[in-house]
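Undergrad: Sharing work03.pdb here; it has PDB, C-alpha atoms.
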ATOM      1  CA  MET A   1      89.558  91.580  68.503
ATOM      2  CA  ASN A   2      88.004  94.770  69.887
ATOM      3  CA  GLU A   3      85.456  92.834  71.934
ATOM      4  CA  ASP A   4      88.282  91.405  74.002
ATOM      5  CA  VAL A   5      89.305  94.860  75.054
ATOM      6  CA  LEU A   6      85.766  96.027  75.717
ATOM      7  CA  ALA A   7      84.882  92.935  77.723
ATOM      8  CA  ILE A   8      87.637  93.305  80.308
ATOM      9  CA  ASP A   9      87.029  94.836  83.693
ATOM     10  CA  ARG A  10      88.354  98.391  83.556
ATOM     11  CA  THR A  11      88.569  98.631  87.338
ATOM     12  CA  GLN A  12      91.553  96.285  87.349
ATOM     13  CA  PRO A  13      94.484  97.995  85.605
ATOM     14  CA  GLU A  14      96.762  94.920  85.581
ATOM     15  CA  VAL A  15      94.069  92.825  83.899
ATOM     16  CA  GLU A  16      93.629  95.528  81.259
ATOM     17  CA  MET A  17      97.394  95.786  80.751
ATOM     18  CA  ALA A  18      97.660  92.031  80.201
ATOM     19  CA  ALA A  19      94.774  92.122  77.717
ATOM     20  CA  GLN A  20      96.400  95.004  75.853
ATOM     21  CA  LYS A  21      99.703  93.135  75.708
ATOM     22  CA  ARG A  22      97.973  90.035  74.296
ATOM     23  CA  LEU A  23      96.165  92.101  71.691
ATOM     24  CA  GLU A  24      99.393  93.851  70.750
ATOM     25  CA  ASP A  25     101.327  90.567  70.410
ATOM     26  CA  ARG A  26      98.591  89.085  68.248
ATOM     27  CA  THR A  27      98.371  92.162  66.014
ATOM     28  CA  MET A  28     102.153  92.292  65.593
ATOM     29  CA  PHE A  29     102.217  88.614  64.617
ATOM     30  CA  GLY A  30      99.361  89.054  62.146
ATOM     31  CA  PHE A  31     101.158  91.935  60.505
ATOM     32  CA  TRP A  32     104.404  89.945  60.465
ATOM     33  CA  VAL A  33     102.562  87.200  58.537
ATOM     34  CA  TYR A  34     101.450  89.826  55.996
ATOM     35  CA  ILE A  35     105.050  91.049  55.690
ATOM     36  CA  MET A  36     106.253  87.491  55.110
ATOM     37  CA  THR A  37     103.795  87.120  52.208
ATOM     38  CA  ASP A  38     105.165  90.358  50.760
ATOM     39  CA  CYS A  39     108.555  88.828  51.389
ATOM     40  CA  VAL A  40     107.588  86.079  48.941
ATOM     41  CA  LEU A  41     106.113  88.503  46.378
ATOM     42  CA  PHE A  42     109.322  90.519  45.950
ATOM     43  CA  PRO A  43     111.690  87.560  45.331
ATOM     44  CA  VAL A  44     109.294  86.387  42.588
ATOM     45  CA  LEU A  45     109.731  89.764  40.896
ATOM     46  CA  PHE A  46     113.497  89.494  41.472
ATOM     47  CA  ALA A  47     113.462  86.080  39.763
ATOM     48  CA  VAL A  48     111.555  87.565  36.806
ATOM     49  CA  PHE A  49     114.097  90.370  36.560
ATOM     50  CA  ALA A  50     117.028  87.944  36.822
ATOM     51  CA  VAL A  51     115.599  85.761  34.049
ATOM     52  CA  LEU A  52     114.874  88.737  31.749
ATOM     53  CA  HIS A  53     117.830  91.000  32.497
ATOM     54  CA  ASN A  54     119.787  89.985  29.385
ATOM     55  CA  ASN A  55     116.797  90.295  27.047
ATOM     56  CA  THR A  56     117.330  93.924  26.055
ATOM     57  CA  ASN A  57     115.781  93.534  22.578
ATOM     58  CA  GLY A  58     118.777  95.303  21.067
ATOM     59  CA  GLY A  59     118.263  98.338  23.335
ATOM     60  CA  ALA A  60     120.257  99.758  26.216
ATOM     61  CA  ASP A  61     121.279  97.483  29.100
ATOM     62  CA  ALA A  62     121.612  98.145  32.832
ATOM     63  CA  ARG A  63     125.173  99.471  32.508
ATOM     64  CA  GLN A  64     124.100 102.152  30.021
ATOM     65  CA  LEU A  65     120.861 103.147  31.756
ATOM     66  CA  PHE A  66     121.539 103.159  35.496
ATOM     67  CA  SER A  67     123.904 105.209  37.614
ATOM     68  CA  PRO A  68     125.153 103.457  40.784
ATOM     69  CA  ALA A  69     125.859 106.860  42.376
ATOM     70  CA  TYR A  70     122.229 107.956  41.916
ATOM     71  CA  ALA A  71     121.014 104.675  43.414
ATOM     72  CA  LEU A  72     123.461 105.070  46.320
ATOM     73  CA  VAL A  73     121.875 108.410  47.247
ATOM     74  CA  GLU A  74     118.413 106.769  47.119
ATOM     75  CA  THR A  75     119.717 103.938  49.311
ATOM     76  CA  ILE A  76     121.105 106.306  51.938
ATOM     77  CA  LEU A  77     117.857 108.330  51.986
ATOM     78  CA  LEU A  78     115.772 105.203  52.569
ATOM     79  CA  LEU A  79     118.184 103.694  55.102
ATOM     80  CA  THR A  80     118.178 106.921  57.115
ATOM     81  CA  SER A  81     114.380 107.107  57.016
ATOM     82  CA  SER A  82     114.232 103.506  58.266
ATOM     83  CA  PHE A  83     116.477 104.568  61.158
ATOM     84  CA  THR A  84     114.398 107.677  61.966
ATOM     85  CA  SER A  85     111.161 105.634  61.917
ATOM     86  CA  GLY A  86     112.761 103.575  64.696
ATOM     87  CA  LEU A  87     113.620 106.761  66.584
ATOM     88  CA  ALA A  88     109.970 107.873  66.255
ATOM     89  CA  LEU A  89     108.873 104.582  67.825
ATOM     90  CA  LEU A  90     111.367 104.956  70.703
ATOM     91  CA  SER A  91     110.254 108.576  71.301
ATOM     92  CA  ALA A  92     106.641 107.420  71.386
ATOM     93  CA  ARG A  93     107.477 104.781  74.013
ATOM     94  CA  ARG A  94     108.955 107.568  76.126
ATOM     95  CA  LYS A  95     105.735 109.547  75.541
ATOM     96  CA  GLY A  96     107.652 112.378  73.908
ATOM     97  CA  ALA A  97     104.984 113.740  71.560
ATOM     98  CA  THR A  98     107.144 116.494  70.033
ATOM     99  CA  PHE A  99     110.021 114.141  69.228
ATOM    100  CA  THR A 100     107.701 111.456  67.879
ATOM    101  CA  VAL A 101     106.073 113.876  65.445
ATOM    102  CA  PHE A 102     109.478 115.360  64.569
ATOM    103  CA  TRP A 103     110.994 111.960  63.691
ATOM    104  CA  LEU A 104     107.836 110.960  61.782
ATOM    105  CA  LEU A 105     108.110 114.147  59.740
ATOM    106  CA  VAL A 106     111.813 113.453  59.069
ATOM    107  CA  THR A 107     110.899 109.909  58.006
ATOM    108  CA  PHE A 108     108.202 111.293  55.715
ATOM    109  CA  ALA A 109     110.557 113.869  54.173
ATOM    110  CA  LEU A 110     113.290 111.284  53.497
ATOM    111  CA  GLY A 111     110.762 108.800  52.091
ATOM    112  CA  ALA A 112     109.243 111.489  49.872
ATOM    113  CA  ALA A 113     112.715 112.503  48.635
ATOM    114  CA  PHE A 114     113.414 108.855  47.806
ATOM    115  CA  LEU A 115     110.138 108.527  45.927
ATOM    116  CA  GLY A 116     110.817 111.783  44.073
ATOM    117  CA  MET A 117     114.226 110.490  42.928
ATOM    118  CA  GLU A 118     112.683 107.218  41.802
ATOM    119  CA  LEU A 119     109.914 108.957  39.831
ATOM    120  CA  SER A 120     112.450 111.310  38.268
ATOM    121  CA  GLU A 121     114.523 108.307  37.155
ATOM    122  CA  PHE A 122     111.398 106.668  35.679
ATOM    123  CA  HIS A 123     110.525 109.903  33.902
ATOM    124  CA  HIS A 124     113.989 110.162  32.310
ATOM    125  CA  LEU A 125     113.938 106.525  31.216
ATOM    126  CA  VAL A 126     110.504 106.836  29.604
ATOM    127  CA  ALA A 127     111.337 110.198  28.008
ATOM    128  CA  GLU A 128     114.357 108.610  26.317
ATOM    129  CA  GLY A 129     112.253 105.787  24.903
ATOM    130  CA  ASN A 130     113.332 103.219  27.514
ATOM    131  CA  SER A 131     109.887 102.496  28.928
ATOM    132  CA  TRP A 132     108.600  99.110  30.100
ATOM    133  CA  ARG A 133     107.506  98.465  26.505
ATOM    134  CA  ALA A 134     111.051  98.635  25.126
ATOM    135  CA  SER A 135     112.303  95.208  26.242
ATOM    136  CA  GLY A 136     111.816  92.275  28.590
ATOM    137  CA  PHE A 137     114.650  93.626  30.724
ATOM    138  CA  LEU A 138     112.881  96.977  31.193
ATOM    139  CA  SER A 139     109.503  95.291  31.855
ATOM    140  CA  GLY A 140     111.142  93.331  34.647
ATOM    141  CA  PHE A 141     112.880  96.438  35.981
ATOM    142  CA  PHE A 142     109.760  98.634  36.054
ATOM    143  CA  THR A 143     107.618  95.896  37.607
ATOM    144  CA  LEU A 144     110.115  95.229  40.395
ATOM    145  CA  VAL A 145     111.087  98.798  41.234
ATOM    146  CA  SER A 146     107.619 100.332  40.925
ATOM    147  CA  THR A 147     106.070  97.627  43.132
ATOM    148  CA  HIS A 148     108.523  98.740  45.800
ATOM    149  CA  GLY A 149     107.682 102.382  45.012
ATOM    150  CA  LEU A 150     103.964 101.654  45.480
ATOM    151  CA  HIS A 151     104.708 100.226  48.919
ATOM    152  CA  ILE A 152     106.683 103.363  49.754
ATOM    153  CA  THR A 153     103.732 105.525  48.627
ATOM    154  CA  ALA A 154     101.426 103.539  50.902
ATOM    155  CA  GLY A 155     103.931 104.006  53.745
ATOM    156  CA  LEU A 156     103.983 107.776  53.215
ATOM    157  CA  LEU A 157     100.170 107.898  53.414
ATOM    158  CA  TRP A 158     100.397 105.808  56.568
ATOM    159  CA  ILE A 159     102.797 108.321  58.190
ATOM    160  CA  ALA A 160     100.378 111.168  57.417
ATOM    161  CA  VAL A 161      97.503 109.244  59.001
ATOM    162  CA  LEU A 162      99.652 108.376  62.024
ATOM    163  CA  ILE A 163     100.541 112.024  62.632
ATOM    164  CA  ALA A 164      96.876 113.042  62.363
ATOM    165  CA  ASN A 165      95.894 110.219  64.747
ATOM    166  CA  LEU A 166      98.587 111.217  67.195
ATOM    167  CA  ALA A 167      97.529 114.867  67.144
ATOM    168  CA  LYS A 168      93.886 113.947  67.697
ATOM    169  CA  ARG A 169      94.126 111.168  70.276
ATOM    170  CA  GLY A 170      97.612 111.257  71.789
ATOM    171  CA  PHE A 171      99.430 108.078  72.830
ATOM    172  CA  THR A 172      96.487 105.668  73.075
ATOM    173  CA  PRO A 173      97.287 101.921  72.938
ATOM    174  CA  SER A 174      95.810 101.818  69.441
ATOM    175  CA  VAL A 175      98.050 104.619  68.139
ATOM    176  CA  MET A 176     101.123 103.020  69.776
ATOM    177  CA  ARG A 177     100.295  99.692  68.147
ATOM    178  CA  LYS A 178      99.972 101.296  64.723
ATOM    179  CA  LEU A 179     103.297 103.089  65.169
ATOM    180  CA  GLY A 180     104.956  99.750  65.909
ATOM    181  CA  LEU A 181     103.376  98.179  62.817
ATOM    182  CA  PHE A 182     104.424 101.102  60.652
ATOM    183  CA  ALA A 183     108.056 100.903  61.845
ATOM    184  CA  MET A 184     108.063  97.180  61.010
ATOM    185  CA  PHE A 185     106.641  97.854  57.523
ATOM    186  CA  TRP A 186     109.143 100.641  56.840
ATOM    187  CA  HIS A 187     112.145  98.557  57.974
ATOM    188  CA  PHE A 188     110.959  95.767  55.710
ATOM    189  CA  LEU A 189     110.792  98.119  52.698
ATOM    190  CA  ASP A 190     114.376  99.143  53.377
ATOM    191  CA  VAL A 191     115.440  95.474  53.412
ATOM    192  CA  VAL A 192     113.768  94.977  50.006
ATOM    193  CA  TRP A 193     115.506  98.083  48.648
ATOM    194  CA  ILE A 194     118.948  96.742  49.668
ATOM    195  CA  PHE A 195     118.359  93.882  47.268
ATOM    196  CA  ILE A 196     117.085  96.174  44.494
ATOM    197  CA  PHE A 197     120.183  98.335  44.985
ATOM    198  CA  SER A 198     122.513  95.310  44.992
ATOM    199  CA  ILE A 199     120.926  93.243  42.226
ATOM    200  CA  VAL A 200     119.561  95.853  39.805
ATOM    201  CA  TYR A 201     121.957  98.761  40.201
ATOM    202  CA  LEU A 202     125.257  97.330  41.506
ATOM    203  CA  MET A 203     125.264  93.962  39.720
ATOM    204  CA  GLY A 204     124.043  95.732  36.576
ATOM    205  CA  ALA A 205     127.098  97.993  36.670
ATOM    206  CA  VAL A 206     129.659  95.269  37.461
TER
ATOM    207  CA  MET B   1     120.166 115.697  80.730
ATOM    208  CA  ASP B   2     118.558 115.212  84.146
ATOM    209  CA  ASN B   3     115.464 113.923  82.420
ATOM    210  CA  LYS B   4     117.508 111.515  80.308
ATOM    211  CA  THR B   5     119.353 109.992  83.262
ATOM    212  CA  ASN B   6     116.044 109.581  85.009
ATOM    213  CA  MET B   7     114.638 107.731  81.991
ATOM    214  CA  ALA B   8     117.662 105.459  81.809
ATOM    215  CA  ALA B   9     117.384 104.644  85.485
ATOM    216  CA  THR B  10     113.682 103.815  85.404
ATOM    217  CA  ARG B  11     113.625 102.086  82.029
ATOM    218  CA  PRO B  12     116.891 100.279  81.335
ATOM    219  CA  GLY B  13     115.561  98.558  78.188
ATOM    220  CA  ARG B  14     114.964 101.824  76.338
ATOM    221  CA  ASN B  15     118.609 102.841  76.079
ATOM    222  CA  ARG B  16     119.562  99.406  74.846
ATOM    223  CA  GLU B  17     116.987  99.751  72.043
ATOM    224  CA  PHE B  18     118.426 103.124  71.085
ATOM    225  CA  VAL B  19     121.977 101.706  70.939
ATOM    226  CA  LYS B  20     120.668  98.842  68.801
ATOM    227  CA  TYR B  21     119.213 101.260  66.258
ATOM    228  CA  ILE B  22     122.491 103.224  66.098
ATOM    229  CA  VAL B  23     124.591 100.062  65.630
ATOM    230  CA  GLY B  24     122.206  98.733  62.969
ATOM    231  CA  PHE B  25     122.249 102.047  61.110
ATOM    232  CA  VAL B  26     126.051 102.386  61.140
ATOM    233  CA  LEU B  27     126.603  98.756  60.091
ATOM    234  CA  SER B  28     124.052  99.028  57.247
ATOM    235  CA  LEU B  29     125.595 102.263  56.022
ATOM    236  CA  ALA B  30     129.089 100.735  56.085
ATOM    237  CA  LEU B  31     127.973  97.600  54.208
ATOM    238  CA  THR B  32     126.212  99.737  51.576
ATOM    239  CA  LEU B  33     129.281 101.902  51.015
ATOM    240  CA  VAL B  34     131.618  98.901  50.786
ATOM    241  CA  ALA B  35     129.331  97.266  48.173
ATOM    242  CA  TYR B  36     129.242 100.537  46.214
ATOM    243  CA  GLN B  37     133.034 100.787  46.373
ATOM    244  CA  VAL B  38     133.423  97.231  45.047
ATOM    245  CA  VAL B  39     131.567  98.327  41.896
ATOM    246  CA  VAL B  40     132.795 101.887  41.437
ATOM    247  CA  GLY B  41     136.390 101.443  42.563
ATOM    248  CA  TYR B  42     136.937  98.697  40.017
ATOM    249  CA  GLN B  43     138.466 100.751  37.189
ATOM    250  CA  HIS B  44     141.731 101.138  39.105
ATOM    251  CA  GLY B  45     142.815  97.505  38.850
ATOM    252  CA  SER B  46     141.587  94.015  38.075
ATOM    253  CA  LEU B  47     141.985  92.608  41.564
ATOM    254  CA  TYR B  48     138.764  90.596  41.397
ATOM    255  CA  SER B  49     137.140  88.810  38.492
ATOM    256  CA  HIS B  50     133.598  89.647  37.316
ATOM    257  CA  ASP B  51     132.062  86.647  39.123
ATOM    258  CA  THR B  52     133.978  87.343  42.338
ATOM    259  CA  ARG B  53     132.604  90.876  42.435
ATOM    260  CA  LEU B  54     129.046  89.580  41.934
ATOM    261  CA  LEU B  55     129.597  87.149  44.818
ATOM    262  CA  ILE B  56     130.987  89.908  47.074
ATOM    263  CA  ILE B  57     127.935  92.109  46.380
ATOM    264  CA  ALA B  58     125.567  89.195  47.104
ATOM    265  CA  ALA B  59     127.425  88.402  50.334
ATOM    266  CA  LEU B  60     127.337  92.041  51.486
ATOM    267  CA  ALA B  61     123.586  92.281  50.724
ATOM    268  CA  SER B  62     122.902  89.067  52.677
ATOM    269  CA  THR B  63     124.954  90.361  55.613
ATOM    270  CA  GLN B  64     122.956  93.573  55.589
ATOM    271  CA  LEU B  65     119.734  91.529  55.533
ATOM    272  CA  ILE B  66     120.820  89.780  58.737
ATOM    273  CA  VAL B  67     121.978  93.064  60.327
ATOM    274  CA  GLN B  68     118.591  94.694  59.683
ATOM    275  CA  LEU B  69     116.628  91.632  60.804
ATOM    276  CA  VAL B  70     118.529  91.597  64.104
ATOM    277  CA  PHE B  71     118.968  95.310  64.822
ATOM    278  CA  PHE B  72     115.834  96.868  63.253
ATOM    279  CA  LEU B  73     113.245  94.082  63.139
ATOM    280  CA  ASN B  74     114.407  92.500  66.448
ATOM    281  CA  VAL B  75     114.045  88.930  65.204
ATOM    282  CA  ALA B  76     116.489  87.600  67.831
ATOM    283  CA  ASP B  77     114.655  89.200  70.791
ATOM    284  CA  GLU B  78     111.494  87.163  70.472
ATOM    285  CA  GLY B  79     110.489  84.892  73.386
ATOM    286  CA  LYS B  80     109.609  81.225  72.883
ATOM    287  CA  PRO B  81     107.729  79.931  70.973
ATOM    288  CA  ARG B  82     109.368  81.863  68.140
ATOM    289  CA  TRP B  83     106.469  82.057  65.698
ATOM    290  CA  ASN B  84     107.865  85.115  63.927
ATOM    291  CA  LEU B  85     111.153  83.343  63.295
ATOM    292  CA  MET B  86     109.334  80.224  62.089
ATOM    293  CA  MET B  87     107.286  82.313  59.636
ATOM    294  CA  LEU B  88     110.510  83.911  58.431
ATOM    295  CA  MET B  89     112.175  80.526  57.894
ATOM    296  CA  PHE B  90     109.109  79.207  56.061
ATOM    297  CA  ALA B  91     109.131  82.294  53.815
ATOM    298  CA  GLY B  92     112.852  81.713  53.262
ATOM    299  CA  MET B  93     112.184  78.154  52.132
ATOM    300  CA  VAL B  94     109.427  79.253  49.709
ATOM    301  CA  ILE B  95     111.690  81.994  48.364
ATOM    302  CA  PHE B  96     114.565  79.566  47.825
ATOM    303  CA  ILE B  97     112.377  77.084  45.925
ATOM    304  CA  LEU B  98     110.794  79.830  43.775
ATOM    305  CA  VAL B  99     113.958  81.736  42.923
ATOM    306  CA  ALA B 100     116.425  78.865  42.542
ATOM    307  CA  GLY B 101     113.822  76.784  40.687
ATOM    308  CA  SER B 102     112.904  79.603  38.283
ATOM    309  CA  LEU B 103     116.510  80.428  37.458
ATOM    310  CA  TRP B 104     117.411  76.778  36.993
ATOM    311  CA  ILE B 105     114.452  75.998  34.716
ATOM    312  CA  MET B 106     114.786  79.186  32.680
ATOM    313  CA  HIS B 107     118.503  78.616  32.231
ATOM    314  CA  ASN B 108     117.853  75.117  30.904
ATOM    315  CA  LEU B 109     115.114  76.400  28.594
ATOM    316  CA  ASN B 110     117.474  79.024  27.263
ATOM    317  CA  TYR B 111     120.087  76.338  26.659
ATOM    318  CA  ASN B 112     117.679  74.066  24.806
ATOM    319  CA  MET B 113     116.015  76.774  22.674
ATOM    320  CA  MET B 114     118.846  77.792  20.414
ATOM    321  CA  GLN B 115     117.223  76.973  17.053
ATOM    322  CA  HIS B 116     116.569  80.596  16.226
ATOM    323  CA  LYS B 117     120.238  81.514  16.598
ATOM    324  CA  SER B 118     122.937  81.440  13.932
ATOM    325  CA  THR B 119     125.661  78.797  13.999
ATOM    326  CA  THR B 120     128.222  81.333  15.241
ATOM    327  CA  GLN B 121     125.915  82.401  18.070
ATOM    328  CA  VAL B 122     125.282  78.778  19.050
ATOM    329  CA  ASN B 123     129.009  78.023  18.976
ATOM    330  CA  SER B 124     129.916  81.020  21.123
ATOM    331  CA  TYR B 125     127.077  80.225  23.552
ATOM    332  CA  LEU B 126     128.212  76.609  23.859
ATOM    333  CA  SER B 127     131.808  77.656  24.396
ATOM    334  CA  SER B 128     130.810  80.122  27.121
ATOM    335  CA  GLN B 129     128.563  77.543  28.861
ATOM    336  CA  ASP B 130     130.448  74.274  28.385
ATOM    337  CA  GLY B 131     133.860  75.225  27.051
ATOM    338  CA  LEU B 132     133.136  73.245  23.849
TER
END
What would the structure in this file look like if it were written as structure tokens?

TA:
Amino acid sequence: MNEDVLAIDRTQPEVEMAAQKRLEDRTMFGFWVYIMTDCVLFPVLFAVFAVLHNNTNGGADARQLFSPAYALVETILLLTSSFTSGLALLSARRKGATFTVFWLLVTFALGAAFLGMELSEFHHLVAEGNSWRASGFLSGFFTLVSTHGLHITAGLLWIAVLIANLAKRGFTPSVMRKLGLFAMFWHFLDVVWIFIFSIVYLMGAV
Amino acid sequence: MDNKTNMAATRPGRNREFVKYIVGFVLSLALTLVAYQVVVGYQHGSLYSHDTRLLIIAALASTQLIVQLVFFLNVADEGKPRWNLMMLMFAGMVIFILVAGSLWIMHNLNYNMMQHKSTTQVNSYLSSQDGL
């Protein structure tokens, strides 16, 4: 991929622009294919949860363990961070370095708050003896929700790297491309969370 | 302000993108709150049955999926050939087969594996499933 960029004639800006655009389109599509495979992984975990959700082994069920209000706060945090990651991308396209870093930091803070709430919920569940070992229902729950949480953790690391990259190199084509990929990844994680919120927390409380 | 107008004049697409993000955010927030209200506001009356409420939540989640695909992930803006959309549809097909197939098979297994249950349990299960 990089050879394409190196091989082009740098004296002709329009040729370089076209090559950059091609590289960007190809990278975006490649990443989209990765996201679609993740998009298959999560529904499999949803199916496992749906099959196991009644198998509580005599223990507590979703209605007793989960609070829809708590999950609503998590949902709003993640939705807002998805929105601000988009604002970071738009600021970057306008070459506004301060705003880009500001929105990335806001995205990071909201994502970290979400992750903190999720870990706190896990901690309470385990402390009360409702760990993944308690029942099939809880195994399914922890597998599904923590897989999403792992993705969020990876996203938070990615934001940190992006900010460092941006500070070091400025708005190079490579940094812009990575920002676009990150925004796509983060939006996707919010889409997955909508279904966790709806299926695990809301349907569990109905 | 001067700077902003200048931006809008030179790059008309940028403002449209910003409006898209705002609309997507507001719609998603509204759909989330409505779904939450369907669950939490239930104690006040029995307007909807249990299954109806599950269906409403599923419908609201699917609507939000489409909203975010269009407004955040820009699926509709892609030029031809729409490879991203094709990948999405292929993933959708795989997901449908996996999820619907798993639930169907596991439900049937559950139905046919009742030996370990007591007669009362079997009777109540049959009456809830088949009305027998």

Undergrad: I'd like the residues picked by the PyMOL selection byres ((chain A) within 10 of (chain B)) written out as number ranges by chain, using the chain letters and numbers from the file.

TA: A: 28-30, 32-33, 35-48, 50-52, 68-69, 71-72, 75-76, 79-80, 82-84, 86-87, 90-91, 93-94, 183-188, 190-192, 194-199, 201-206

Undergrad: Quick check, in Å to one decimal: how far apart do CA of Glu128 in chain A and CA of Ala112 in chain A lie?

TA: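 These atoms are spaced 24.3 Å apart.
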
Undergrad: Taking only C-alpha atoms into account, which of A:Gly155, A:Pro13, A:Gly149, A:Gly58 comes nearest Leu104 in chain A?

TA: A:Gly155

Undergrad: Between CA of His151 in chain A and CA of Gln64 in chain A, what is the spacing in Å?

TA: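 So the two atoms, CA of Gln64 in chain A and CA of His151 in chain A, lie 27.1 Å apart.
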
Undergrad: Between CA of Leu110 in chain A and CA of Ser131 in chain A, what is the spacing in Å?

TA: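 That distance, rounded to one decimal, is 26.3 Å.
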
Undergrad: Which one is closest to Phe66 in chain A: A:Phe182, A:Phe141, A:Phe99, A:Phe108? Count all atoms listed in the file.

TA: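 Ranked by minimum distance to Phe66 in chain A, first place goes to A:Phe141.
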
Undergrad: Report, as JSON, the axis-aligned box around all atoms of range 68-87 of chain A present in the file, extended by 4 Å on each side; give centre and edge lengths in Å to one decimal place.

TA:
{"center_x": 118.5, "center_y": 105.9, "center_z": 53.7, "size_x": 22.7, "size_y": 13.0, "size_z": 33.8}

Undergrad: Take the PyMOL selection byres ((chain A and resi 168-176) around 8), run it mentally on this structure, and tell me the resulting residues as a list in words.

TA: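 Listing what the PyMOL selection byres ((chain A and resi 168-176) around 8) selects in the shown file: Gln20, Ala92, Arg93, Lys95, Ala97, Leu162, Ala164, Asn165, Leu166, Ala167, Arg177, Lys178, Leu179 and Gly180 of chain A.
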